[in-house]
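Novice: If it helps, the file is called run_31.txt and holds compact mmCIF, C-alpha atoms:
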# COMPACT_ATOMS: atom_id res chain seq x y z
CA MET A 1 110.48 73.02 12.37
CA GLU A 2 108.87 72.86 15.77
CA ILE A 3 108.17 76.58 15.61
CA LYS A 4 106.51 76.24 12.21
CA LEU A 5 104.31 73.45 13.53
CA VAL A 6 103.25 75.47 16.55
CA LYS A 7 102.44 78.35 14.23
CA ASN A 8 100.18 76.12 12.10
CA ILE A 9 98.33 74.91 15.18
CA LEU A 10 97.85 78.49 16.32
CA ASP A 11 96.63 79.58 12.87
CA ALA A 12 94.04 76.77 12.77
CA ASN A 13 93.00 77.67 16.30
CA ASP A 14 92.62 81.36 15.42
CA LYS A 15 90.32 80.51 12.52
CA LEU A 16 88.02 78.50 14.79
CA ALA A 17 88.17 81.27 17.38
CA GLU A 18 86.91 83.78 14.79
CA GLU A 19 84.01 81.45 14.00
CA ASN A 20 83.14 81.17 17.69
CA LYS A 21 83.33 84.93 18.10
CA SER A 22 81.06 85.50 15.13
CA ILE A 23 78.43 83.11 16.57
CA LEU A 24 78.64 84.68 20.01
CA THR A 25 78.45 88.25 18.72
CA GLN A 26 75.39 87.43 16.61
CA LYS A 27 73.70 86.11 19.74
CA GLY A 28 74.41 89.35 21.59
CA ILE A 29 76.96 87.80 23.91
CA THR A 30 80.05 89.49 25.36
CA THR A 31 82.62 86.75 25.95
CA ILE A 32 85.31 87.15 28.60
CA ASN A 33 88.26 84.76 28.87
CA ILE A 34 89.36 84.60 32.51
CA ILE A 35 93.00 83.57 32.93
CA GLY A 36 94.98 83.03 36.13
CA SER A 37 96.98 80.50 38.14
CA PRO A 38 95.43 77.71 40.18
CA GLY A 39 93.98 79.23 43.31
CA SER A 40 94.18 82.83 42.13
CA GLY A 41 90.48 83.21 42.88
CA LYS A 42 88.89 82.96 39.44
CA THR A 43 85.85 80.92 40.55
CA THR A 44 85.31 83.04 43.66
CA LEU A 45 85.43 86.19 41.52
CA LEU A 46 82.84 84.66 39.20
CA LEU A 47 80.57 83.75 42.12
CA LYS A 48 80.76 87.31 43.46
CA THR A 49 80.13 88.71 39.98
CA ILE A 50 77.11 86.46 39.47
CA GLU A 51 75.72 87.51 42.86
CA LYS A 52 75.94 91.19 41.84
CA LEU A 53 74.70 90.94 38.25
CA LYS A 54 72.08 88.18 38.50
CA GLY A 55 68.69 89.44 37.28
CA GLU A 56 70.33 92.39 35.53
CA ILE A 57 72.52 90.72 32.90
CA ASN A 58 72.11 87.11 31.77
CA ILE A 59 75.27 85.20 32.68
CA GLN A 60 76.51 81.91 31.27
CA VAL A 61 79.73 80.14 32.21
CA ILE A 62 82.13 77.66 30.64
CA GLU A 63 84.47 76.05 33.18
CA GLY A 64 87.79 74.71 31.93
CA ASP A 65 89.64 72.24 34.12
CA ILE A 66 92.19 69.52 33.55
CA ALA A 67 90.18 67.21 35.78
CA SER A 68 87.16 67.31 38.10
CA SER A 69 83.92 69.29 37.90
CA ILE A 70 84.28 71.01 41.27
CA ASP A 71 84.06 74.53 39.82
CA ALA A 72 81.12 73.81 37.51
CA GLU A 73 79.16 72.32 40.41
CA THR A 74 79.88 75.41 42.51
CA ILE A 75 78.69 77.77 39.76
CA SER A 76 75.69 75.59 38.97
CA ARG A 77 74.44 75.92 42.54
CA GLU A 78 73.91 79.63 41.78
CA GLY A 79 71.31 78.70 39.16
CA ILE A 80 73.61 79.66 36.28
CA ASP A 81 73.93 77.78 32.96
CA VAL A 82 77.37 76.20 33.06
CA VAL A 83 79.24 73.77 30.85
CA GLN A 84 82.31 71.95 32.16
CA ILE A 85 85.17 71.21 29.79
CA ASN A 86 87.65 68.66 31.07
CA THR A 87 90.81 69.01 29.01
CA GLU A 88 92.20 65.66 30.25
CA GLY A 89 95.72 66.92 30.66
CA GLU A 90 95.78 69.87 28.28
CA CYS A 91 97.06 73.00 29.98
CA HIS A 92 94.73 75.46 28.25
CA LEU A 93 91.38 75.74 26.50
CA ASP A 94 91.43 76.04 22.74
CA ALA A 95 88.88 77.28 20.23
CA ASN A 96 87.75 73.79 19.23
CA MET A 97 86.89 72.90 22.82
CA ILE A 98 84.77 76.06 23.04
CA LYS A 99 83.14 75.28 19.71
CA GLN A 100 82.01 71.89 21.08
CA ALA A 101 80.82 73.45 24.34
CA LEU A 102 78.75 76.08 22.51
CA LYS A 103 76.84 73.28 20.76
CA ASN A 104 75.60 72.18 24.19
CA MET A 105 74.45 75.63 25.28
CA GLU A 106 71.31 77.62 24.69
CA LEU A 107 72.97 80.92 23.88
CA LYS A 108 71.19 84.01 25.23
CA PRO A 109 72.23 87.69 25.08
CA GLY A 110 74.42 88.61 28.03
CA ILE A 111 77.91 87.80 29.27
CA LEU A 112 79.66 84.46 28.77
CA PHE A 113 82.51 83.98 31.23
CA VAL A 114 85.02 81.33 30.22
CA GLU A 115 87.12 80.28 33.19
CA ASN A 116 90.26 78.91 31.62
CA VAL A 117 92.47 76.15 33.06
CA GLY A 118 94.45 77.38 36.07
CA ASN A 119 97.66 78.48 34.41
CA LEU A 120 99.12 81.95 33.99
CA VAL A 121 101.18 80.94 30.97
CA CYS A 122 99.71 78.78 28.21
CA PRO A 123 96.08 80.00 28.04
CA ALA A 124 97.39 83.46 27.08
CA GLU A 125 98.53 82.06 23.72
CA PHE A 126 95.22 80.61 22.57
CA GLU A 127 92.33 82.72 21.30
CA ILE A 128 89.02 80.98 21.98
CA GLY A 129 86.57 83.47 20.46
CA GLU A 130 86.53 85.91 23.35
CA ASP A 131 85.92 89.65 23.14
CA PHE A 132 88.76 90.12 25.60
CA LYS A 133 90.88 88.50 28.27
CA VAL A 134 90.90 89.31 31.98
CA ALA A 135 93.93 88.27 34.03
CA VAL A 136 93.35 87.27 37.64
CA LEU A 137 96.27 87.44 40.07
CA SER A 138 96.05 87.12 43.84
CA VAL A 139 98.04 89.17 46.33
CA PRO A 140 99.93 86.12 47.70
CA GLU A 141 101.35 85.40 44.23
CA GLY A 142 103.47 88.53 44.49
CA HIS A 143 103.93 91.90 42.83
CA ASP A 144 106.68 90.72 40.45
CA LYS A 145 104.42 88.57 38.27
CA PRO A 146 103.92 91.10 35.41
CA TYR A 147 107.70 91.10 34.97
CA LYS A 148 107.95 87.30 35.00
CA TYR A 149 104.83 86.39 32.99
CA PRO A 150 104.55 89.31 30.58
CA MET A 151 102.35 87.74 27.89
CA ILE A 152 99.07 87.60 29.78
CA PHE A 153 99.62 91.05 31.31
CA SER A 154 100.31 92.45 27.83
CA LYS A 155 97.18 90.95 26.31
CA ALA A 156 94.58 91.44 29.05
CA LYS A 157 92.03 94.24 28.82
CA ALA A 158 91.85 94.21 32.63
CA VAL A 159 93.77 92.72 35.55
CA VAL A 160 91.93 91.79 38.71
CA LEU A 161 94.16 91.63 41.80
CA THR A 162 92.26 89.39 44.23
CA LYS A 163 92.59 88.61 47.94
CA ALA A 164 93.30 92.25 48.80
CA ASP A 165 92.27 91.37 52.37
CA LEU A 166 95.64 89.59 52.67
CA LEU A 167 97.66 92.76 51.91
CA PRO A 168 98.38 93.41 55.63
CA TYR A 169 100.02 89.98 55.99
CA ILE A 170 102.13 89.92 52.83
CA ASP A 171 104.95 92.02 51.40
CA PHE A 172 103.31 93.24 48.22
CA ASP A 173 104.81 96.29 46.49
CA MET A 174 101.74 97.85 44.87
CA ASP A 175 103.77 100.52 43.04
CA ALA A 176 106.02 97.90 41.45
CA PHE A 177 102.98 95.85 40.47
CA MET A 178 101.18 98.81 38.88
CA SER A 179 104.36 99.97 37.07
CA GLY A 180 104.92 96.46 35.73
CA ILE A 181 101.48 96.37 34.16
CA ALA A 182 101.63 99.98 32.94
CA SER A 183 104.93 99.39 31.16
CA LEU A 184 103.55 96.35 29.31
CA ASN A 185 100.01 97.53 28.68
CA PRO A 186 99.25 101.19 29.36
CA GLU A 187 95.53 100.86 28.51
CA CYS A 188 94.97 97.99 30.94
CA LYS A 189 92.46 98.54 33.75
CA VAL A 190 93.51 97.22 37.17
CA PHE A 191 91.01 96.31 39.89
CA VAL A 192 92.18 95.61 43.43
CA LEU A 193 89.48 93.73 45.29
CA SER A 194 88.56 91.19 47.93
CA ALA A 195 85.66 88.81 47.41
CA LYS A 196 85.83 88.14 51.16
CA THR A 197 85.36 91.72 52.37
CA GLY A 198 83.66 93.10 49.26
CA GLU A 199 86.31 95.84 48.91
CA GLY A 200 86.71 97.00 45.31
CA ILE A 201 83.97 94.76 43.92
CA SER A 202 81.70 97.60 42.80
CA ASP A 203 84.36 99.13 40.51
CA TRP A 204 84.77 95.78 38.80
CA ILE A 205 81.01 95.31 38.43
CA ASN A 206 80.54 98.84 37.04
CA TRP A 207 83.30 98.21 34.53
CA LEU A 208 81.55 95.01 33.39
CA ARG A 209 78.34 97.02 32.92
CA ASP A 210 80.31 99.53 30.81
CA VAL A 211 82.02 96.97 28.58
CA ARG A 212 78.74 95.10 28.17
CA GLY A 213 77.41 98.48 26.87
CA MET B 214 98.46 62.91 14.62
CA GLU B 215 98.98 65.66 17.11
CA ILE B 216 99.19 63.08 19.90
CA LYS B 217 101.80 61.08 18.04
CA LEU B 218 103.85 64.20 17.54
CA VAL B 219 103.71 65.12 21.21
CA LYS B 220 104.75 61.56 22.04
CA ASN B 221 107.81 61.85 19.78
CA ILE B 222 108.81 65.11 21.40
CA LEU B 223 108.44 63.53 24.85
CA ASP B 224 110.48 60.46 23.81
CA ALA B 225 113.32 62.64 22.52
CA ASN B 226 113.14 64.68 25.69
CA ASP B 227 113.28 61.57 27.90
CA LYS B 228 116.41 60.37 26.14
CA LEU B 229 118.19 63.67 26.81
CA ALA B 230 116.91 63.62 30.38
CA GLU B 231 118.54 60.22 30.92
CA GLU B 232 121.83 61.61 29.62
CA ASN B 233 121.58 64.57 32.01
CA LYS B 234 120.80 62.26 34.91
CA SER B 235 123.74 60.04 34.11
CA ILE B 236 126.12 63.03 34.08
CA LEU B 237 124.71 64.42 37.32
CA THR B 238 124.80 61.07 39.14
CA GLN B 239 128.41 60.52 38.11
CA LYS B 240 129.27 63.89 39.63
CA GLY B 241 127.63 62.90 42.92
CA ILE B 242 124.74 65.30 42.51
CA THR B 243 121.16 64.78 43.72
CA THR B 244 118.90 66.74 41.37
CA ILE B 245 115.53 68.03 42.54
CA ASN B 246 112.99 69.47 40.09
CA ILE B 247 110.89 72.06 41.95
CA ILE B 248 107.46 72.60 40.38
CA GLY B 249 104.71 75.00 41.43
CA SER B 250 102.57 77.90 40.28
CA PRO B 251 103.78 81.48 40.02
CA GLY B 252 104.03 82.90 43.51
CA SER B 253 103.72 79.56 45.30
CA GLY B 254 106.95 80.31 47.15
CA LYS B 255 109.51 78.23 45.27
CA THR B 256 112.30 80.81 45.42
CA THR B 257 111.62 81.66 49.05
CA LEU B 258 111.73 77.96 49.93
CA LEU B 259 115.06 77.69 48.14
CA LEU B 260 116.46 80.69 49.99
CA LYS B 261 115.44 79.20 53.35
CA THR B 262 116.88 75.81 52.36
CA ILE B 263 120.16 77.38 51.30
CA GLU B 264 120.35 79.28 54.60
CA LYS B 265 119.96 76.01 56.56
CA LEU B 266 122.23 73.76 54.47
CA LYS B 267 125.02 76.16 53.45
CA GLY B 268 128.39 74.87 54.59
CA GLU B 269 126.97 71.37 55.09
CA ILE B 270 125.89 70.35 51.58
CA ASN B 271 127.08 72.05 48.40
CA ILE B 272 124.10 73.60 46.67
CA GLN B 273 123.77 74.67 43.06
CA VAL B 274 120.69 76.15 41.41
CA ILE B 275 119.21 76.40 37.94
CA GLU B 276 116.47 79.01 37.68
CA GLY B 277 113.87 78.61 34.94
CA ASP B 278 111.78 81.63 34.00
CA ILE B 279 109.89 82.75 30.93
CA ALA B 280 111.43 86.18 31.28
CA SER B 281 113.60 88.19 33.68
CA SER B 282 116.47 87.12 35.94
CA ILE B 283 114.89 88.30 39.20
CA ASP B 284 115.07 84.89 40.89
CA ALA B 285 118.62 84.10 39.79
CA GLU B 286 119.80 87.45 41.12
CA THR B 287 118.11 86.77 44.45
CA ILE B 288 119.74 83.33 44.78
CA SER B 289 123.10 84.62 43.61
CA ARG B 290 123.20 87.13 46.47
CA GLU B 291 123.43 84.12 48.83
CA GLY B 292 126.80 83.21 47.27
CA ILE B 293 125.33 80.19 45.46
CA ASP B 294 126.25 79.06 41.92
CA VAL B 295 123.17 79.75 39.82
CA VAL B 296 122.40 79.58 36.13
CA GLN B 297 119.35 81.37 34.73
CA ILE B 298 117.43 79.80 31.86
CA ASN B 299 115.03 82.13 30.09
CA THR B 300 112.59 80.01 28.12
CA GLU B 301 111.36 83.02 26.10
CA GLY B 302 107.74 82.00 26.23
CA GLU B 303 107.98 78.25 26.81
CA CYS B 304 105.87 77.17 29.73
CA HIS B 305 108.25 74.54 31.12
CA LEU B 306 111.92 73.55 31.22
CA ASP B 307 112.94 70.62 29.03
CA ALA B 308 115.93 68.30 29.11
CA ASN B 309 117.76 70.11 26.32
CA MET B 310 117.62 73.41 28.19
CA ILE B 311 119.13 71.68 31.23
CA LYS B 312 121.78 70.04 29.05
CA GLN B 313 122.87 73.48 27.82
CA ALA B 314 122.84 74.91 31.34
CA LEU B 315 125.00 72.06 32.69
CA LYS B 316 127.68 72.96 30.15
CA ASN B 317 127.99 76.33 31.86
CA MET B 318 128.30 74.93 35.37
CA GLU B 319 131.20 73.57 37.37
CA LEU B 320 129.42 70.49 38.74
CA LYS B 321 130.29 69.59 42.33
CA PRO B 322 128.88 66.83 44.57
CA GLY B 323 125.81 68.02 46.45
CA ILE B 324 122.27 69.03 45.60
CA LEU B 325 121.19 70.73 42.38
CA PHE B 326 117.84 72.45 42.74
CA VAL B 327 116.11 73.20 39.45
CA GLU B 328 113.38 75.79 39.95
CA ASN B 329 111.05 75.19 37.03
CA VAL B 330 108.90 77.83 35.30
CA GLY B 331 105.98 78.89 37.51
CA ASN B 332 103.27 76.52 36.29
CA LEU B 333 101.57 73.65 38.10
CA VAL B 334 100.64 71.90 34.85
CA CYS B 335 103.13 71.59 31.99
CA PRO B 336 106.45 71.12 33.83
CA ALA B 337 105.04 67.89 35.32
CA GLU B 338 105.13 66.28 31.86
CA PHE B 339 108.80 66.88 31.09
CA GLU B 340 111.63 64.91 32.66
CA ILE B 341 114.78 67.00 32.82
CA GLY B 342 117.21 64.52 34.38
CA GLU B 343 116.10 64.94 37.97
CA ASP B 344 116.25 62.30 40.70
CA PHE B 345 112.78 63.39 41.75
CA LYS B 346 110.19 66.15 41.64
CA VAL B 347 108.98 68.27 44.54
CA ALA B 348 105.62 70.04 44.19
CA VAL B 349 105.25 73.41 45.91
CA LEU B 350 101.76 74.66 46.70
CA SER B 351 100.87 77.62 48.90
CA VAL B 352 97.99 77.74 51.35
CA PRO B 353 96.19 80.58 49.47
CA GLU B 354 95.98 78.38 46.36
CA GLY B 355 93.47 76.15 48.14
CA HIS B 356 93.08 72.60 49.36
CA ASP B 357 91.34 71.34 46.20
CA LYS B 358 94.41 71.52 43.97
CA PRO B 359 95.39 67.81 44.14
CA TYR B 360 91.95 67.00 42.72
CA LYS B 361 92.19 69.58 39.96
CA TYR B 362 95.85 69.16 38.96
CA PRO B 363 96.45 65.45 39.63
CA MET B 364 99.53 64.89 37.46
CA ILE B 365 102.08 66.77 39.51
CA PHE B 366 100.68 65.46 42.79
CA SER B 367 100.87 61.90 41.40
CA LYS B 368 104.48 62.25 40.29
CA ALA B 369 106.07 64.22 43.14
CA LYS B 370 108.18 62.48 45.77
CA ALA B 371 107.23 65.25 48.19
CA VAL B 372 104.76 68.13 48.39
CA VAL B 373 105.68 71.29 50.25
CA LEU B 374 102.69 73.31 51.41
CA THR B 375 104.06 76.83 51.90
CA LYS B 376 102.76 80.00 53.59
CA ALA B 377 101.35 78.03 56.52
CA ASP B 378 101.39 81.34 58.44
CA LEU B 379 98.34 82.33 56.36
CA LEU B 380 96.23 79.35 57.57
CA PRO B 381 94.38 81.48 60.16
CA TYR B 382 93.18 83.88 57.45
CA ILE B 383 92.10 81.38 54.79
CA ASP B 384 89.55 78.56 54.56
CA PHE B 385 91.89 75.65 53.92
CA ASP B 386 90.59 72.13 54.58
CA MET B 387 93.77 70.30 55.58
CA ASP B 388 92.06 66.89 55.75
CA ALA B 389 90.73 67.24 52.21
CA PHE B 390 94.17 68.33 51.02
CA MET B 391 95.95 65.40 52.67
CA SER B 392 93.33 62.90 51.43
CA GLY B 393 93.63 64.25 47.90
CA ILE B 394 97.37 63.63 47.86
CA ALA B 395 97.13 60.25 49.64
CA SER B 396 94.60 58.94 47.11
CA LEU B 397 96.85 59.89 44.18
CA ASN B 398 100.21 59.09 45.67
CA PRO B 399 100.28 57.16 48.97
CA GLU B 400 104.10 57.29 49.29
CA CYS B 401 104.30 61.06 48.92
CA LYS B 402 105.76 63.03 51.83
CA VAL B 403 103.94 66.25 52.71
CA PHE B 404 105.62 69.15 54.51
CA VAL B 405 103.55 72.03 55.88
CA LEU B 406 105.79 75.00 56.51
CA SER B 407 106.22 78.75 56.62
CA ALA B 408 109.43 80.35 55.45
CA LYS B 409 108.26 83.50 57.26
CA THR B 410 107.87 82.01 60.76
CA GLY B 411 110.22 79.03 60.30
CA GLU B 412 107.45 76.57 61.27
CA GLY B 413 107.98 73.14 59.72
CA ILE B 414 111.28 74.03 58.02
CA SER B 415 113.39 71.57 60.04
CA ASP B 416 111.34 68.52 58.90
CA TRP B 417 111.91 69.54 55.29
CA ILE B 418 115.62 70.08 55.85
CA ASN B 419 116.03 66.73 57.64
CA TRP B 420 114.25 64.99 54.81
CA LEU B 421 116.65 66.59 52.30
CA ARG B 422 119.56 65.31 54.40
CA ASP B 423 117.99 61.81 54.27
CA VAL B 424 117.36 61.74 50.52
CA ARG B 425 120.84 63.14 49.93
CA GLY B 426 122.03 60.09 51.93
How does this structure look as structure tokens?
Specialist:
Amino acid sequence: MEIKLVKNILDANDKLAEENKSILTQKGITTINIIGSPGSGKTTLLLKTIEKLKGEINIQVIEGDIASSIDAETISREGIDVVQINTEGECHLDANMIKQALKNMELKPGILFVENVGNLVCPAEFEIGEDFKVAVLSVPEGHDKPYKYPMIFSKAKAVVLTKADLLPYIDFDMDAFMSGIASLNPECKVFVLSAKTGEGISDWINWLRDVRG
Amino acid sequence: MEIKLVKNILDANDKLAEENKSILTQKGITTINIIGSPGSGKTTLLLKTIEKLKGEINIQVIEGDIASSIDAETISREGIDVVQINTEGECHLDANMIKQALKNMELKPGILFVENVGNLVCPAEFEIGEDFKVAVLSVPEGHDKPYKYPMIFSKAKAVVLTKADLLPYIDFDMDAFMSGIASLNPECKVFVLSAKTGEGISDWINWLRDVRG
């Protein structure tokens, strides 16, 4: 009974997500759903990405948070169009929230980054109209996460491993991490980078240029 | 409609949680629900706690994970009774899962640590029969988390800030962190510690002795 109900909610959500995607595609927008735990470095990755692509590709941002507008204010200071969604307790963004946000945006061709609520689990279940998902995991979270949270690592088109500058201070088994992702999702691209030192950023940026096409 | 449904689920859950708590209290067990993101250091904190309290207080553990039994195997190697719950996709433990787990345990007076699914959001909503919740946050996750994820920081009896050995390498505003918690939850105890260096561990252990009474 509960399972059936959840399935109905997901079906209704998927329908709205398709509508969002259709609108976004018509406007020439590539939409990327960024999913990771609190503090994994999603906003910092966005800031670095904006710095590198500003003037070349038009970037818009939707910030999802349970509370506060800290991240939207940070992004806004970069001169980027940003809409904050406060979910007021909900642990993920859904397609209806995005639908409402899109009504408040002047959609221009380029990339729309949607920073989901900080949560490695629930956002993976909900399509929002994105072209693809990117999972963000930080080095301190540990190399075993693909084994423990398989859904997001199975569904992501790319995984960004952030805070690579902390690798010398943390036991992080890179081979185990890479094998974990490869076994779940052989096509998945993995970027190891540090927004602090700049290491690995250019591969990520070049990949965004490629997928933007 | 959806809200009403969620409320019914939570009411049913709370009833089971009270039953669990009654059973556990009768057995002389203090039950602690450990909640934090993936990679925040929950299992490592448990291992350190077990090392310090073994022989003094009987410790039992329930490990909640979406998939895998990595954490239960780690704990089990310390000679501790541990039951693994695999939620198979669910983003939190609920009271019924704990009820089933308790049936498979020989309950002895002492402390039962329940390591919830790695998620700073959803587990905060579900009572499982615990005496209290402890929130675990790691330094790399950032000082702004009480502002962004207020529920767990409002409900926890204590917050453990882990990986304090990484403070020199990370911009972490300790005053902002402490103020964030104090404004939500003035009675909350905060422990800053590093399982790696041992810094701060003894305050945490002494507090567990106190609450165990």
Novice: Quick one: residues within 12 Å of Tyr362 (chain B), only C-alpha atoms counted, chain neighbours fewer than 4 positions away excluded, as a PyMOL selection string?
Specialist: (chain A and resi 37-39+65-70+86-91+117-119) or (chain B and resi 249-250+332-337+348+350+354-358+366-368+393-394+397)
Novice: Which residues come within 10 Å of Glu286 (chain B), counting all atoms listed in the file, excluding same-chain residues fewer than 2 positions away, as number ranges by chain?
Specialist: B: 276, 281-284, 288-291, 295-297
Novice: At a cut-off of 8 Å, using only C-alpha atoms, what residues contact Leu112 (chain A)? Leave out same-chain residues fewer than 3 positions from it and give the result as an mmCIF file with C-alpha atoms, in the coordinates of the input.
Specialist:
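Generated file (part_11.cif):
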data_model
loop_
_atom_site.group_PDB
_atom_site.id
_atom_site.type_symbol
_atom_site.label_atom_id
_atom_site.label_comp_id
_atom_site.auth_asym_id
_atom_site.auth_seq_id
_atom_site.Cartn_x
_atom_site.Cartn_y
_atom_site.Cartn_z
ATOM 1 C CA ILE A 29 76.960 87.800 23.910
ATOM 2 C CA THR A 30 80.050 89.490 25.360
ATOM 3 C CA THR A 31 82.620 86.750 25.950
ATOM 4 C CA ILE A 32 85.310 87.150 28.600
ATOM 5 C CA ILE A 59 75.270 85.200 32.680
ATOM 6 C CA GLN A 60 76.510 81.910 31.270
ATOM 7 C CA VAL A 61 79.730 80.140 32.210
ATOM 8 C CA ILE A 62 82.130 77.660 30.640
#
Novice: Do you know which residues are at most 10 Å from Lys265 (chain B) counting all atoms listed in the file, after dropping those on the same chain fewer than 4 positions away, and could you put them as a short mmCIF file (atom, residue, chain, number, x, y, z; two decimals) with C-alpha atoms, keeping the file's coordinate frame?
Specialist:
data_model
loop_
_atom_site.label_atom_id
_atom_site.label_comp_id
_atom_site.auth_asym_id
_atom_site.auth_seq_id
_atom_site.Cartn_x
_atom_site.Cartn_y
_atom_site.Cartn_z
CA LEU B 259 115.06 77.69 48.14
CA LEU B 260 116.46 80.69 49.99
CA LYS B 261 115.44 79.20 53.35
CA GLU B 269 126.97 71.37 55.09
CA ILE B 270 125.89 70.35 51.58
CA ILE B 414 111.28 74.03 58.02
CA SER B 415 113.39 71.57 60.04
CA ILE B 418 115.62 70.08 55.85
#
Novice: Enter the distance from CA of Lys99 (chain A) to CA of Asn20 (chain A), in Å, rounded to one decimal.
Specialist: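 Rounded to one decimal, the two atoms are 6.2 Å apart.
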Novice: What does the structure give for the distance between CA of Gly268 (chain B) and CA of Leu320 (chain B), in Å to one decimal?
Specialist: 16.5 Å
Novice: Have a look at A:Glu125, A:Glu130, A:Asp175, A:Asp210 and name the one nearest to chain B; count only C-alpha atoms.
Specialist: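 Once distances to chain B are computed over only C-alpha atoms, the minimum belongs to A:Glu125.
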